[in-house]
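Engineer: Let me begin by handing over the structure; questions about it come next.
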Amino acid sequence: MVPSSPVIPFDDPTILFANAGMNQFKDVFTGKRVLDYKRATSSQKCMRAGGKHNDLDNVGFTSRHHTFFEMLGNFSFGDYYKEEAIFYAWEWVTRDLGLPKERLYATVYETDDAAFELWGKIAPELKNGRILRFGKKDNFWSMGEVGPCGPCSEIHFDRGEKYGNGSGDIINGETDRFIEIWNLVFMQDDQLPGGKVLPLPKPSVDTGAGLERIAAIIQSAETNYGIDIFKSIIGAISEITHSRYGDNMSSHHVIADHLRALTFCLADGAGISNEGRGYVLRRILRRAARHGRLLGAEEPFIYKLVPVLVNEMGAAYPEIKEKEKHIQNVIRLEEESFGRTLATGLEMIDRIARKVKVEHRTVIDGEEVFRLYDTYGFPYDLTEIIAGEKGLTLDREGFDRAMRRQQVRSKENSDFNVILDSRLQRMIDYIEKGIIQGGKPTEFVRDEMTVHARMILNSGFDELPDFAVILDKTPFYVEAGGQISDIGIISSSDNSWTMKVDQVKTYKDYYIHFGKVIGGDVSSGEFNVFKQDLKVTVDSERRWDIMRNHTATHLMHAALRQVLGDHVKQSGSYVGPDRLRFDFSHHQPMTDDEIARVEEMVNAEILKGKTVATDIMDINDAKKSGAMALFGEKYGDKVRVVSVPGFSKELCGGTHVENISQIGPFFIVLETGIASGVRRIEAITGREAVRYMLANKKFRGDISAIVGRPEAEVLAGIAQLKEDCQVLQKELKRTREAMFTGGSKNVGDETEIGNFTLVTYDFGTTDRDTMGAWIDAQKAMNDTRVAVGMGQVNGKMTFMAAATATMEKKYKFDAGSFTRVLLNRFGGRGGGKTSFAQGTVAEGTLPEEVFQAVRKLFEEKKTK
């Protein structure tokens, strides 16, 4: 039995969530990874709420769909195939589960004659028309846009006429009578980007059976949500929302499902944000919150359900128990945020509804509905309900068009469209065809910076100077676990040619070195690269910088857990020569004091000069010893355990310093949020940290010289300068206001236009109070005048206009209408009353341009 992998596949950019039990075995099916076993079983945490497999919109409308569910599976990696898979499935379903054979059906892919015949042989009871063929839509399975795929065979259960007896109640129909309970996928192909399909190295088997569906049948539950694992959750929903389950079962189902999805994703290191999987989780939470409102819950409530779920499933999945408080905090904050969004959305819907009614329409345009959904996270169904209350309907077609357009744009820009480099694909093809000089995979020499090796494969000479080689041994580390690949030099022993390596990839444990030939000629007629002894050298200074940052990452992780709590869990990382980046689960920004404590703790540990211990251990023994296993990492039976005695112990395949004193100084240079519940830290060590210290030292010296005080007194000096500046600013403001109110006729350019005066003034950089004081003074004059002022206020070009009482009365002048018309010409907006108005204009607009337009408007009115 293999443990479930995280529901967040951090190491696989082709899918948003783990959507099947086979995800963690993807590289095994394609041959990139080799296990020491050929059969496996698992119970996998799965999410189908994005990408190719998406059941989000079905939840609440059917009795059998979920976003989060548990998938039971058994797997064969080049071992047993169709006959054994079908036999095992039929045996387990009929003998172990005891399901009546007369209520079972089997389906196969339309061209899979072998599977069809095997079902007839193994389950002759089904030969009376209950072995059915279906096309690609129903009986061909693929993980995503790329990856392993193949025809499948499914087992369906007939729940009886009670659940339907119409023309639509059929196998692979949309009703609840016939339920698919097991899918046997015969993995035989690998779908590559661009439509290319390659056969897998060995035909394999991937099966999947939804635990909730099977439990519903075994327990004779009306729906999946009637099984034991949901009863306490649904009871708690009714209690918290003061509602009855029977009055709105659909909303109870949505909330129960979405609670599980949010809890398990957050426990596995996901966050809630406006992009990628974070945006999907935001939609899930808001959909649950919206259904809570249908039950009468106006205040945040989902977070209160987390302990109920933890009590139900925490024993099987201890990660949700460990992260319970963190999960509650993240959900609560997001619910509160949605409450504010809801208020904004309601206001916007009111505005849109008024506009629609003024235009004598009854349908809200699909683009408007999509903008509410996309920009403000307002669910379509909620918009539909509110619109209905106002006697309006929604343009569903227009909304769907906008949604499809966004999906196409997202797909074009997505990181999930993995494009293989042509040279990498060529090398993979060579490996698959067995064109290797020697055959054995590359030996990684971890503790050396230089080794002597032999070339066992190259990419050919068609694209020189671009070149790729595979060696029998290498000191180059391949990017993994957040640590980036090494760079360096490969050269012949006689120095007849040299290659600069700038990238390293691995395929089936063969290390492929990419780069450029920068000296000599590898394609000369008499030259045979396979016979030469090669000198392979890693850029050692860069490697040392990376090792310092990697070991420091372990120390910082341990310090964060001590300072913030055990809920801190790695959600992503980057370890390069310039810095380390560490993403981790935490529900709020770190305080300055917490950051300082982490820095002090790590630096204090570095000064102890402990030796970094590395042990090869059995995976179970390593976990028992307290070693932390990190997100999404795939571990074999034997693992490397990297520890700093008494402080940190983690499973890690990266490269590290020998003694922590070699790390040097450690500084945190950034702490920020990247999603609700996920924080990011960037830090520096070693040479970069020394440069940082020296730059800060120079900075302090420069400030000391400017302030004219010793370094120890610089802060006090700056505080005094700030205080003096504030006093002077206040004095200047009083002086300006006195100048404008006392002698305002002298401030501004006056232009006589007919029988009134136009006064304009450019304030430059100013504030609203100063502009307002001048405007008030102008407005209080006893003559007939209009005053127009402009100034830069908080980075915006601000406009103010006013008219005297005489001007309003004699010429019926309306400052508000005048301002709206004028500012519209300059890409701005504004308005106000008849005596005073204000607004802003587009960035880059010059005050004199506006003043000229004002003069022209008045001149034109004078001539009419």
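To be explicit about the labels: the chains of the structure tokens are called A, B, and onward in the order shown, and within each one the residues are counted from 1, while ligands get numbers from 1 in the order they are shown.
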Please tabulate, as a Markdown table, the residues of range 158-247 of chain A that come within 12 Å of range 100-104 of chain A, each with its closest pair of atoms and the distance in Å to one decimal, counting only C-alpha atoms and ordering rows by chain, then residue number upward.

Structural biologist:
| residue | atom | partner | partner_atom | distance |
| --- | --- | --- | --- | --- |
| A:Asp158 | CA | A:Arg103 | CA | 5.1 |
| A:Arg159 | CA | A:Arg103 | CA | 7.6 |
| A:Gly160 | CA | A:Arg103 | CA | 8.2 |
| A:Glu161 | CA | A:Arg103 | CA | 11.4 |
| A:Ile171 | CA | A:Leu104 | CA | 10.6 |
| A:Arg177 | CA | A:Arg103 | CA | 11.0 |
| A:Phe178 | CA | A:Leu104 | CA | 9.2 |
| A:Ile179 | CA | A:Leu104 | CA | 9.7 |
| A:Glu180 | CA | A:Leu104 | CA | 9.7 |
| A:Ile181 | CA | A:Leu104 | CA | 9.8 |
| A:Trp182 | CA | A:Leu104 | CA | 11.0 |
| A:Ile217 | CA | A:Pro100 | CA | 11.2 |
| A:Ile218 | CA | A:Pro100 | CA | 11.2 |

Engineer: Save the residues we just selected, N, CA, C and O atoms, as a tab-separated table (two decimals), in the first residue's frame?

Structural biologist:
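Full text of selection_16.tsv as output:
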chain	number	residue	atom	x	y	z
A	158	ASP	N	-26.23	-0.88	-11.42
A	158	ASP	CA	-27.62	-0.47	-11.62
A	158	ASP	C	-28.30	-0.36	-10.25
A	158	ASP	O	-28.50	-1.35	-9.55
A	159	ARG	N	-28.66	0.88	-9.88
A	159	ARG	CA	-29.26	1.12	-8.57
A	159	ARG	C	-30.75	0.79	-8.54
A	159	ARG	O	-31.38	0.83	-7.49
A	160	GLY	N	-31.32	0.52	-9.72
A	160	GLY	CA	-32.71	0.10	-9.77
A	160	GLY	C	-33.65	1.14	-10.34
A	160	GLY	O	-33.30	2.32	-10.47
A	161	GLU	N	-34.87	0.67	-10.68
A	161	GLU	CA	-35.85	1.55	-11.32
A	161	GLU	C	-36.28	2.69	-10.41
A	161	GLU	O	-36.81	3.71	-10.88
A	171	ILE	N	-26.53	3.50	-19.32
A	171	ILE	CA	-25.10	3.46	-18.98
A	171	ILE	C	-24.43	4.70	-19.59
A	171	ILE	O	-24.65	5.05	-20.74
A	177	ARG	N	-29.26	6.60	-11.95
A	177	ARG	CA	-29.59	5.17	-11.86
A	177	ARG	C	-28.34	4.29	-12.04
A	177	ARG	O	-28.03	3.44	-11.21
A	178	PHE	N	-27.63	4.48	-13.15
A	178	PHE	CA	-26.44	3.66	-13.43
A	178	PHE	C	-25.19	4.43	-13.02
A	178	PHE	O	-24.91	5.50	-13.55
A	179	ILE	N	-24.45	3.87	-12.08
A	179	ILE	CA	-23.29	4.56	-11.51
A	179	ILE	C	-22.01	3.82	-11.86
A	179	ILE	O	-21.89	2.61	-11.62
A	180	GLU	N	-21.05	4.54	-12.42
A	180	GLU	CA	-19.72	3.96	-12.65
A	180	GLU	C	-19.01	3.84	-11.32
A	180	GLU	O	-18.89	4.83	-10.58
A	181	ILE	N	-18.55	2.64	-10.98
A	181	ILE	CA	-17.88	2.45	-9.69
A	181	ILE	C	-16.41	2.09	-9.83
A	181	ILE	O	-15.66	2.16	-8.85
A	182	TRP	N	-15.98	1.66	-11.02
A	182	TRP	CA	-14.56	1.31	-11.16
A	182	TRP	C	-14.13	1.51	-12.61
A	182	TRP	O	-14.85	1.17	-13.54
A	217	ILE	N	-23.23	2.66	-2.24
A	217	ILE	CA	-23.89	1.42	-2.66
A	217	ILE	C	-23.91	0.41	-1.51
A	217	ILE	O	-24.93	-0.20	-1.22
A	218	ILE	N	-22.77	0.24	-0.84
A	218	ILE	CA	-22.67	-0.74	0.26
A	218	ILE	C	-23.62	-0.36	1.40
A	218	ILE	O	-24.25	-1.21	2.02

Engineer: Residues near Asn128 in chain A, anyone? I mean within 12 Å using only C-alpha atoms, not counting same-chain ones fewer than 4 positions away, as a list in words.

Structural biologist: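 The filter keeps Glu102, Leu104, Tyr105, Ala106, Trp119, Gly120, Ala123, Pro124 and Leu132 of chain A.
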
Engineer: Residues as selected, N, CA and C atoms, written as a compact mmCIF listing (two decimals), in the first residue's frame, can you do that?

Structural biologist:
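For reference, again-v5.txt as written:
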# COMPACT_ATOMS: atom_id res chain seq x y z
N GLU A 102 -26.12 -9.60 -11.22
CA GLU A 102 -27.16 -9.23 -12.19
C GLU A 102 -27.36 -7.71 -12.29
N LEU A 104 -24.70 -5.57 -12.43
CA LEU A 104 -23.42 -5.03 -12.89
C LEU A 104 -23.33 -5.04 -14.42
N TYR A 105 -22.64 -4.04 -14.96
CA TYR A 105 -22.40 -3.93 -16.39
C TYR A 105 -20.92 -3.62 -16.59
N ALA A 106 -20.37 -3.99 -17.73
CA ALA A 106 -18.99 -3.66 -18.08
C ALA A 106 -18.99 -2.89 -19.40
N TRP A 119 -13.85 -9.93 -20.84
CA TRP A 119 -15.02 -9.80 -19.96
C TRP A 119 -15.96 -11.00 -20.15
N GLY A 120 -16.14 -11.40 -21.40
CA GLY A 120 -17.00 -12.55 -21.65
C GLY A 120 -16.45 -13.82 -21.04
N ALA A 123 -16.34 -12.99 -16.84
CA ALA A 123 -17.67 -12.76 -16.27
C ALA A 123 -18.73 -13.18 -17.29
N PRO A 124 -18.92 -14.47 -17.51
CA PRO A 124 -19.88 -14.92 -18.53
C PRO A 124 -21.30 -14.44 -18.25
N LEU A 132 -20.67 -3.54 -23.03
CA LEU A 132 -20.99 -2.50 -24.00
C LEU A 132 -19.74 -1.77 -24.47

Engineer: Rank A:Arg287, A:Lys304, A:Arg640, A:Arg133 by their smallest atom-to-atom distance to Ile327 in chain A, using only C-alpha atoms, and report the top residue only.

Structural biologist: A:Lys304

Engineer: Counting only C-alpha atoms, which residue out of A:Asp138, A:Asp776, A:Asp189, A:Glu384 sits closest to Phe370 in chain A?

Structural biologist: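 Looking at the shortest contact to Phe370 in chain A, the residue is A:Glu384.
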
Engineer: Please list as an NGL selection string every residue within 12 Å of range 809-816 of chain A, counting only C-alpha atoms and excluding residues in the same chain fewer than 5 positions away.

Structural biologist: :A and (754-756 or 779 or 783-788 or 799-804 or 821-823 or 829-839 or 854 or 858 or 861-862)

Engineer: Enumerate, as a VMD selection string, the complete set of residues in range 628-733 of chain A that a backbone-based DSSP assignment places in strand (DSSP E).

Structural biologist: chain A and resid 638 to 644 648 to 651 666 to 675 678 to 685

Engineer: So that I have them on file, write out the residues from the current selection with C-alpha atoms, as a compact mmCIF listing (two decimals), in the first residue's frame.

Structural biologist:
# COMPACT_ATOMS: atom_id res chain seq x y z
CA LYS A 638 16.03 4.48 0.76
CA VAL A 639 16.30 8.22 1.40
CA ARG A 640 18.95 10.82 2.25
CA VAL A 641 18.43 12.47 5.61
CA VAL A 642 20.20 15.81 6.05
CA SER A 643 20.40 17.03 9.63
CA VAL A 644 21.92 19.75 11.75
CA SER A 648 16.91 20.47 11.84
CA LYS A 649 16.30 17.11 10.15
CA GLU A 650 14.80 16.74 6.67
CA LEU A 651 14.62 14.25 3.82
CA PHE A 666 22.09 35.11 6.92
CA PHE A 667 19.61 37.92 6.24
CA ILE A 668 15.91 37.95 5.37
CA VAL A 669 15.37 40.56 2.65
CA LEU A 670 11.68 40.01 1.85
CA GLU A 671 8.53 38.71 3.55
CA THR A 672 5.29 38.90 1.60
CA GLY A 673 2.06 37.09 0.85
CA ILE A 674 1.50 35.21 -2.42
CA ALA A 675 -1.96 33.80 -1.56
CA VAL A 678 0.76 31.23 1.96
CA ARG A 679 3.67 33.53 2.78
CA ARG A 680 6.99 33.95 0.99
CA ILE A 681 10.42 34.71 2.41
CA GLU A 682 13.54 35.57 0.44
CA ALA A 683 16.92 35.50 2.14
CA ILE A 684 20.62 35.75 1.32
CA THR A 685 23.74 34.11 2.70

Engineer: Run DSSP on the backbone and give me the residues of range 450-676 of chain A it puts in helix (DSSP H, G or I), as an NGL selection string.

Structural biologist: :A and (529-531 or 540-564 or 592-607 or 619-624 or 660-663)

Engineer: Would you please work out which residue, of A:Glu275, A:Glu222, A:Asp206, A:Glu448, is nearest to Ala40 in chain A when using only C-alpha atoms?

Structural biologist: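 Of the candidates, the smallest distance to Ala40 in chain A is held by A:Asp206.
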
Engineer: Between A:Val93, A:Val469, A:Leu424, A:Ile386, which one has atoms that come closest to Tyr507 in chain A, using only C-alpha atoms?

Structural biologist: A:Leu424

Engineer: Tell me which protein, DNA and RNA residues are within 10 Å of Lys390 in chain A, counting only C-alpha atoms, leaving out same-chain ones fewer than 2 positions away, and put them as number ranges by chain.

Structural biologist: A: 349-350, 353-354, 357, 362, 384-388, 392-393

Engineer: What does the file look like for those residues with N, CA, C and O atoms, as a tab-separated table (two decimals), in the first residue's frame?

Structural biologist:
chain	number	residue	atom	x	y	z
A	349	ILE	N	-24.29	45.35	-9.08
A	349	ILE	CA	-25.47	44.78	-9.73
A	349	ILE	C	-26.61	45.80	-9.73
A	349	ILE	O	-27.34	45.93	-10.72
A	350	ASP	N	-26.76	46.53	-8.63
A	350	ASP	CA	-27.79	47.57	-8.58
A	350	ASP	C	-27.56	48.60	-9.67
A	350	ASP	O	-28.50	49.03	-10.35
A	353	ALA	N	-28.35	47.05	-13.03
A	353	ALA	CA	-29.79	46.87	-13.18
A	353	ALA	C	-30.48	48.18	-13.53
A	353	ALA	O	-31.38	48.23	-14.38
A	354	ARG	N	-30.06	49.27	-12.87
A	354	ARG	CA	-30.65	50.58	-13.18
A	354	ARG	C	-30.40	50.96	-14.64
A	354	ARG	O	-31.30	51.45	-15.33
A	357	LYS	N	-32.60	48.90	-17.02
A	357	LYS	CA	-33.99	49.34	-17.01
A	357	LYS	C	-34.17	50.69	-17.72
A	357	LYS	O	-35.18	50.90	-18.40
A	362	THR	N	-34.43	43.85	-20.46
A	362	THR	CA	-34.71	42.95	-19.34
A	362	THR	C	-33.61	41.92	-19.13
A	362	THR	O	-33.70	41.08	-18.24
A	384	GLU	N	-27.51	35.63	-10.85
A	384	GLU	CA	-28.79	35.25	-11.46
A	384	GLU	C	-29.94	35.42	-10.47
A	384	GLU	O	-31.02	35.92	-10.83
A	385	ILE	N	-29.72	35.02	-9.22
A	385	ILE	CA	-30.77	35.13	-8.21
A	385	ILE	C	-31.10	36.60	-7.92
A	385	ILE	O	-32.27	37.00	-7.88
A	386	ILE	N	-30.05	37.41	-7.75
A	386	ILE	CA	-30.27	38.83	-7.45
A	386	ILE	C	-30.93	39.53	-8.62
A	386	ILE	O	-31.84	40.36	-8.45
A	387	ALA	N	-30.50	39.19	-9.83
A	387	ALA	CA	-31.13	39.78	-11.02
A	387	ALA	C	-32.59	39.38	-11.10
A	387	ALA	O	-33.46	40.21	-11.44
A	388	GLY	N	-32.90	38.13	-10.78
A	388	GLY	CA	-34.29	37.66	-10.81
A	388	GLY	C	-35.17	38.43	-9.85
A	388	GLY	O	-36.34	38.71	-10.15
A	392	LEU	N	-35.06	40.74	-13.76
A	392	LEU	CA	-34.15	40.68	-14.90
A	392	LEU	C	-33.60	39.27	-15.07
A	392	LEU	O	-33.58	38.47	-14.12
A	393	THR	N	-33.13	38.96	-16.27
A	393	THR	CA	-32.47	37.68	-16.54
A	393	THR	C	-31.05	37.95	-17.04
A	393	THR	O	-30.69	39.10	-17.31

Engineer: Rank A:Ile255, A:Ile663, A:Ile284, A:Val451 by their smallest atom-to-atom distance to Glu688 in chain A, using only C-alpha atoms, and report the top residue only.

Structural biologist: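 Closest to Glu688 in chain A, using only C-alpha atoms: A:Ile663.
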